[in-house]
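K.L.:
Pasting a structure here, questions to come.
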Amino acid sequence: MNYKETLNYLYEQLPMFHRIGAAAYKANLDNTHAICNLLGHPENKFKSIHVAGTNGKGSSSHMLAAVFQQAGYKTGLYTSPHLKDFRERIKINGKAISQKKIVDFVEKYKEEFEEIKPSFFEWTVGLAFDHFSKEKVDIAIIEVGLGGRLDSTNVITPLVSLITNIGYDHTALLGNTLEKIAIEKAGIIKPGVPVVISETQKETRNVFLNTAKERKSELVFADKLFVHKKEKYDARKMLCTHSYSKKGKKTVIKTDLGGTYQATNLAGVLVTLELAGNHFKLSQKDILSGLKNIKKLTGLHGRWEMIHKKPRVICDTGHNTEGIKEVVKSVKREYDSKMVKGQLHVVFGAVNDKDLSSVFPLFKKDPHFKNAFFYFCQPAIPRGMETEILEKEAAKFGLKGSSFKSVKRALAAAKKAAKSGELVFVGGSTFTVAEVV
């Protein structure tokens with residue numbers, strides 16, 4: 001098979017959560033253990049940091065990778081889902097795995113893997129771990145796909161575990177309370193391995209405290225150690241300056257990730273880097289430079305990213321309740337910066353298992369979104385929600401707009417309709433953003 005045929009095999013023959021939903025979720029690690037055994041246990045041949053959470057785990061993973069790269073370490077990065085190309089999921093020093101290595105891996109193990117009957121994600125984890133092992137990375141940043149306890153990545157024993165934020169997402173699989181979801185996320189905490197919690201939440205705090213105590217793991221609530229004091233946003237350059245207080249000492253971080261939610265993510269990353277400093281030499285200069293150049297070093301896209309200047313078009317992958325709350329805050333900040341004015345235009349697409357009744361009320365409460373014009377569209381994946389459903393649900397909350405046959409047509413219409421100085425926002429789903437970046 002060539003590369004295209006190989007990808008078609010992975011996409012079409014294997015159960016893939018991001019295409020078909022819950023039917024692709026495996027509620028145990030049996031397949032992953034079988035794959036790792038077949039591959040000679042590559043997961044034990046490189047040092048790692050494990051990152052879980054509802055929101056912020058992707059951004060935090062890229063932040064960590066950027067710092068290690070800046071410090072001169074050969075750095076693996078495993079994330080999901082991808083935006084444009086499958087290869088984005090598996091990177092070393094910001095460079096995606098080659099097409100040839102994917103083809104060769106699938107060709108070599110196809111028959112044996114088919115006996116295991118893995119999901120798409122289980123295949124991908126095996127490929128990533130094998131790649132990082134053979135390339136002898138110094139460190140690999142491994143992002144959890146879904147949940148934590150039963151996620152395929154949860155066969156590693158990392159140097160540090162990081163859990164970013166707990167919110168309502170994938171509740172059918174992870175539980176319908178924050179406490180239940182936290183129990184699944186806490187499943188990545190390993191005996192004796194320190195764990196960092198980016199954001200202290202009263203509903204989940206005891207879950208992490210009890211799990212860490214049970215497993216004799218050091219636990220740090222990052223936002224209690226690095227207390228966020230101030231944010232300065234440069235809307236023209238899309239740069240943020242964050243000031244923190246740590247035991248009375250001021251720490252200032254500049255970052256090219258502009259979303260309001262990055263302030264909490266950064267606290268978790270800073271503590272994780274401190275703990276990783278017991279194993280790697282990381283200078284303050286490397287940390288500051290790495291965090292200022294995350295996009296350049298890692299190739300991250302879709303996090304409060306400006307993709308067009310006139311009109312100003314910004315996209316963000318935030319898609320659940322907590323993510324949308326931060327999107328609303330970030331849009332308000334754009335207006336407060338005086339970079340935009342007038343009506344807001346929203347290109348919005350979602351997946352069919354999204355609970356819109358928790359998302360649309362957030363738009364209704366905000367004056368910019370309440371008076372916005374929506375351009376409803378369906379991401380080009382099997383799970384994409386039909387625009388008729390989106391428009392009907394939005395109308396229940398007084399949100400007005402029109403439906404379009406594709407994300408690109410919706411964006412083209414929004415750009416054409418936007419007057420000088422007005423803002424176009426694209427979001428609702430990672431897959432909506434994937435079609436415009």
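Letters A, B, ... mark the chains of the structure tokens in the order given; residue numbers begin at 1 per chain; ligand numbers begin at 1, in order shown.
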Do a neighbour search on His368 (chain A) at 12 Å with only C-alpha atoms, toss out local chain neighbours closer than 6 positions, and write the hits as a CSV table (one decimal) with N, CA and C atoms, in the first residue's frame.
P.N.:
chain,number,residue,atom,x,y,z
A,327,VAL,N,-13.9,30.8,25.1
A,327,VAL,CA,-14.1,31.5,23.8
A,327,VAL,C,-14.8,32.8,24.0
A,328,VAL,N,-15.9,32.8,24.7
A,328,VAL,CA,-16.7,34.0,25.0
A,328,VAL,C,-15.8,35.1,25.6
A,329,LYS,N,-15.0,34.7,26.6
A,329,LYS,CA,-14.1,35.6,27.3
A,329,LYS,C,-13.1,36.2,26.3
A,330,SER,N,-12.6,35.3,25.5
A,330,SER,CA,-11.5,35.8,24.5
A,330,SER,C,-12.1,36.7,23.5
A,331,VAL,N,-13.3,36.5,23.0
A,331,VAL,CA,-14.0,37.4,22.1
A,331,VAL,C,-14.2,38.7,22.7
A,332,LYS,N,-14.7,38.8,24.0
A,332,LYS,CA,-14.9,40.0,24.7
A,332,LYS,C,-13.6,40.8,24.8
A,333,ARG,N,-12.5,40.1,25.0
A,333,ARG,CA,-11.2,40.7,25.1
A,333,ARG,C,-10.8,41.4,23.7
A,334,GLU,N,-11.1,40.7,22.6
A,334,GLU,CA,-10.9,41.3,21.3
A,334,GLU,C,-11.6,42.7,21.2
A,335,TYR,N,-12.8,42.7,21.6
A,335,TYR,CA,-13.6,44.0,21.5
A,335,TYR,C,-13.0,45.0,22.5
A,336,ASP,N,-12.6,44.6,23.7
A,336,ASP,CA,-12.0,45.5,24.7
A,336,ASP,C,-10.7,46.1,24.2
A,340,VAL,N,-11.4,45.2,17.2
A,340,VAL,CA,-12.6,45.0,16.4
A,340,VAL,C,-13.8,45.8,17.0
A,341,LYS,N,-14.8,45.9,16.2
A,341,LYS,CA,-16.0,46.6,16.6
A,341,LYS,C,-17.2,46.1,15.8
A,342,GLY,N,-18.4,46.5,16.2
A,342,GLY,CA,-19.6,46.2,15.4
A,342,GLY,C,-20.0,44.7,15.6
A,343,GLN,N,-20.7,44.2,14.7
A,343,GLN,CA,-21.3,42.9,14.8
A,343,GLN,C,-20.3,41.7,14.7
A,344,LEU,N,-20.6,40.7,15.5
A,344,LEU,CA,-19.8,39.5,15.5
A,344,LEU,C,-20.4,38.5,14.5
A,345,HIS,N,-19.5,37.8,13.7
A,345,HIS,CA,-19.9,36.8,12.8
A,345,HIS,C,-19.4,35.5,13.2
A,346,VAL,N,-20.2,34.5,13.4
A,346,VAL,CA,-19.8,33.2,14.0
A,346,VAL,C,-20.0,32.0,13.0
A,362,LEU,N,-24.7,29.9,26.8
A,362,LEU,CA,-23.5,30.7,27.0
A,362,LEU,C,-23.4,31.9,26.0
A,374,PHE,N,-24.9,33.9,12.9
A,374,PHE,CA,-24.3,32.6,12.8
A,374,PHE,C,-24.3,32.0,11.4
A,399,LEU,N,-30.8,32.8,18.9
A,399,LEU,CA,-29.6,33.0,18.0
A,399,LEU,C,-30.0,32.9,16.6
A,422,GLU,N,-15.0,44.4,11.7
A,422,GLU,CA,-15.8,43.4,12.4
A,422,GLU,C,-15.0,42.1,12.5
A,423,LEU,N,-15.5,41.3,13.5
A,423,LEU,CA,-14.8,40.0,13.8
A,423,LEU,C,-15.5,38.8,13.3
A,424,VAL,N,-14.8,37.9,12.7
A,424,VAL,CA,-15.4,36.6,12.3
A,424,VAL,C,-14.7,35.5,13.2
A,425,PHE,N,-15.5,34.8,13.9
A,425,PHE,CA,-15.0,33.7,14.7
A,425,PHE,C,-15.4,32.4,14.2
K.L.:
Tell me, which residues of region 184-373 of chain A carry DSSP strand (DSSP E), written as a VMD selection string?
P.N.:
chain A and resid 195 to 197 219 to 221 227 to 234 239 to 246 249 to 255 305 to 308 312 to 315 344 to 348 373
K.L.:
Would you output that residue set with N, CA and C atoms, as a CSV table (one decimal), in the first residue's frame?
P.N.:
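Below you can see again-v4.csv, which holds the result:
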chain,number,residue,atom,x,y,z
A,195,VAL,N,2.3,14.2,40.6
A,195,VAL,CA,1.2,14.6,39.7
A,195,VAL,C,0.9,16.1,39.9
A,196,VAL,N,0.7,16.8,38.9
A,196,VAL,CA,0.3,18.2,38.9
A,196,VAL,C,-1.1,18.4,38.4
A,197,ILE,N,-1.9,19.2,39.2
A,197,ILE,CA,-3.2,19.6,38.8
A,197,ILE,C,-3.2,21.1,38.5
A,219,LEU,N,1.6,15.4,45.1
A,219,LEU,CA,0.6,16.1,44.4
A,219,LEU,C,0.8,17.6,44.6
A,220,VAL,N,0.7,18.4,43.5
A,220,VAL,CA,0.8,19.8,43.6
A,220,VAL,C,-0.4,20.4,42.8
A,221,PHE,N,-1.2,21.3,43.5
A,221,PHE,CA,-2.2,22.1,42.8
A,221,PHE,C,-1.5,23.4,42.3
A,227,VAL,N,0.3,31.7,41.5
A,227,VAL,CA,-1.0,32.4,41.5
A,227,VAL,C,-1.0,33.5,40.4
A,228,HIS,N,-1.9,33.3,39.5
A,228,HIS,CA,-2.0,34.3,38.4
A,228,HIS,C,-2.5,35.6,38.9
A,229,LYS,N,-1.7,36.7,38.5
A,229,LYS,CA,-2.0,38.0,39.0
A,229,LYS,C,-2.5,39.0,37.9
A,230,LYS,N,-1.9,38.8,36.7
A,230,LYS,CA,-2.2,39.8,35.7
A,230,LYS,C,-2.0,39.2,34.3
A,231,GLU,N,-2.8,39.7,33.4
A,231,GLU,CA,-2.6,39.4,32.0
A,231,GLU,C,-2.6,40.6,31.1
A,232,LYS,N,-1.7,40.7,30.2
A,232,LYS,CA,-1.6,41.8,29.2
A,232,LYS,C,-1.7,41.2,27.8
A,233,TYR,N,-2.7,41.6,27.1
A,233,TYR,CA,-2.9,41.0,25.8
A,233,TYR,C,-2.6,42.0,24.6
A,234,ASP,N,-1.7,41.5,23.8
A,234,ASP,CA,-1.3,42.3,22.6
A,234,ASP,C,-2.1,41.8,21.4
A,239,LEU,N,-0.1,38.1,21.2
A,239,LEU,CA,0.8,37.6,22.2
A,239,LEU,C,0.2,38.0,23.6
A,240,CYS,N,0.4,37.1,24.6
A,240,CYS,CA,0.0,37.3,25.9
A,240,CYS,C,1.1,37.4,26.9
A,241,THR,N,1.1,38.3,27.9
A,241,THR,CA,2.1,38.4,28.9
A,241,THR,C,1.3,38.1,30.2
A,242,HIS,N,1.8,37.0,30.9
A,242,HIS,CA,1.1,36.6,32.2
A,242,HIS,C,2.1,36.8,33.3
A,243,SER,N,1.6,37.4,34.4
A,243,SER,CA,2.4,37.6,35.6
A,243,SER,C,1.8,36.7,36.7
A,244,TYR,N,2.8,36.0,37.4
A,244,TYR,CA,2.4,35.1,38.5
A,244,TYR,C,3.2,35.4,39.7
A,245,SER,N,2.6,35.1,40.8
A,245,SER,CA,3.3,35.2,42.1
A,245,SER,C,3.5,33.8,42.7
A,246,LYS,N,4.8,33.5,43.0
A,246,LYS,CA,5.1,32.2,43.6
A,246,LYS,C,5.9,32.5,44.9
A,249,LYS,N,7.4,35.8,45.0
A,249,LYS,CA,8.4,36.1,43.9
A,249,LYS,C,7.6,36.2,42.5
A,250,LYS,N,7.9,37.3,41.8
A,250,LYS,CA,7.1,37.5,40.5
A,250,LYS,C,7.8,36.7,39.4
A,251,THR,N,6.9,36.0,38.6
A,251,THR,CA,7.4,35.3,37.4
A,251,THR,C,6.5,35.9,36.2
A,252,VAL,N,7.2,36.3,35.1
A,252,VAL,CA,6.5,36.8,34.0
A,252,VAL,C,6.7,35.9,32.8
A,253,ILE,N,5.7,35.5,32.1
A,253,ILE,CA,5.7,34.6,31.0
A,253,ILE,C,5.0,35.2,29.8
A,254,LYS,N,5.7,35.3,28.7
A,254,LYS,CA,5.2,35.7,27.4
A,254,LYS,C,4.9,34.5,26.6
A,255,THR,N,3.7,34.4,26.0
A,255,THR,CA,3.4,33.2,25.1
A,255,THR,C,2.6,33.6,23.9
A,305,GLU,N,-6.2,31.4,17.1
A,305,GLU,CA,-5.3,31.7,16.0
A,305,GLU,C,-6.0,32.6,15.0
A,306,MET,N,-5.3,33.6,14.6
A,306,MET,CA,-5.8,34.5,13.6
A,306,MET,C,-5.4,34.0,12.2
A,307,ILE,N,-6.4,33.7,11.4
A,307,ILE,CA,-6.1,33.1,10.1
A,307,ILE,C,-6.4,34.1,8.9
A,308,HIS,N,-6.9,35.3,9.2
A,308,HIS,CA,-7.1,36.3,8.2
A,308,HIS,C,-7.1,37.6,8.9
A,312,ARG,N,-10.8,40.5,10.3
A,312,ARG,CA,-10.1,39.7,11.3
A,312,ARG,C,-10.8,38.4,11.6
A,313,VAL,N,-10.2,37.3,11.2
A,313,VAL,CA,-10.8,36.0,11.4
A,313,VAL,C,-10.0,35.2,12.4
A,314,ILE,N,-10.6,34.8,13.5
A,314,ILE,CA,-9.9,34.0,14.5
A,314,ILE,C,-10.7,32.7,14.8
A,315,CYS,N,-9.9,31.6,14.9
A,315,CYS,CA,-10.5,30.3,15.1
A,315,CYS,C,-10.0,29.7,16.5
A,344,LEU,N,-20.6,40.7,15.5
A,344,LEU,CA,-19.8,39.5,15.5
A,344,LEU,C,-20.4,38.5,14.5
A,345,HIS,N,-19.5,37.8,13.7
A,345,HIS,CA,-19.9,36.8,12.8
A,345,HIS,C,-19.4,35.5,13.2
A,346,VAL,N,-20.2,34.5,13.4
A,346,VAL,CA,-19.8,33.2,14.0
A,346,VAL,C,-20.0,32.0,13.0
A,347,VAL,N,-18.9,31.4,12.5
A,347,VAL,CA,-19.0,30.2,11.7
A,347,VAL,C,-18.9,29.1,12.7
A,348,PHE,N,-20.1,28.3,12.7
A,348,PHE,CA,-20.2,27.3,13.8
A,348,PHE,C,-20.6,26.0,13.3
A,373,PHE,N,-24.4,37.1,14.0
A,373,PHE,CA,-25.0,36.4,13.0
A,373,PHE,C,-24.2,35.1,12.8
K.L.:
Between A:Val137, A:Leu209, A:Leu297, A:Leu257, which is the closest to Ala186 (chain A) once you count only C-alpha atoms?
P.N.:
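Nearest to Ala186 (chain A): A:Leu209.
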K.L.:
Could you work out how far CA of Ala27 (chain A) lies from CA of Pro379 (chain A), giving the answer in Å with one decimal?
P.N.:
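Atom-to-atom, CA of Pro379 (chain A) to CA of Ala27 (chain A), that is 27.2 Å.
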K.L.:
Quick one: of A:Glu43, A:Glu111, A:Glu184, A:Glu388, who's nearest to Phe208 (chain A), counting only C-alpha atoms?
P.N.:
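Comparing A:Glu43, A:Glu111, A:Glu184, A:Glu388 against Phe208 (chain A), the winner is A:Glu184.
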K.L.:
Which distance in Å separates CA of Leu162 (chain A) and CA of Arg215 (chain A), to one decimal?
P.N.:
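Straight-line distance from CA of Leu162 (chain A) to CA of Arg215 (chain A) works out to 15.3 Å.
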K.L.:
Can you list, as a list in words, every protein, DNA or RNA residue that comes within 12 Å of Ala380 (chain A) when you count only C-alpha atoms, leaving out same-chain residues fewer than 5 positions away?
P.N.:
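Here the qualifying residues turn out to be His18, Arg19, Gly349, Ala350, Val351, Met385, Glu386, Thr387, Lys405, Ser406, Val407, Lys408, Ser429, Thr430, Phe431, Thr432, Val433, Ala434, Glu435 and Val436 of chain A.
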K.L.:
Within 10 Å of Phe280 (chain A), counting only C-alpha atoms, which residues show up once you throw out same-chain ones fewer than 4 positions away? Write them as number ranges by chain, please.
P.N.:
A: 68, 71, 73, 138-139, 273-276
K.L.:
CA of Asn352 (chain A) and CA of Ile116 (chain A), how far apart in Å?
P.N.:
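Pair CA of Ile116 (chain A) / CA of Asn352 (chain A) returns 29.6 Å.
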K.L.:
Just asking: which residues within region 16-101 of chain A are helix (DSSP H, G or I) according to DSSP, as number ranges by chain?
P.N.:
A: 17-20, 22-24, 30-38, 42-44, 57-70, 86-89, 99-101
K.L.:
Would you please work out which residue, of A:Ser357, A:Gln13, A:Thr171, A:Asn44, is nearest to Phe132 (chain A) when using only C-alpha atoms?
P.N.:
A:Asn44
K.L.:
For a quick check of understanding, using only C-alpha atoms, which of A:Lys247, A:Lys110, A:Lys365, A:Gly53 has the smallest distance to Ile183 (chain A)?
P.N.:
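When distances to Ile183 (chain A) are compared using only C-alpha atoms, the smallest one comes from A:Gly53.
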K.L.:
Counting only C-alpha atoms, what is within 8 Å of region 87-104 of chain A, bar same-chain residues fewer than 6 positions away, as a count of residues only?
P.N.:
21
K.L.:
Using only C-alpha atoms, determine which residues lie at most 10 Å from Ser283 (chain A), disregarding the query and same-chain residues fewer than 3 positions distant; provide the list as a list in words.
P.N.:
Val67, Gln70, Ala71, Gly277, Phe280, Asp286, Ile287, Leu288 and Ser289 of chain A
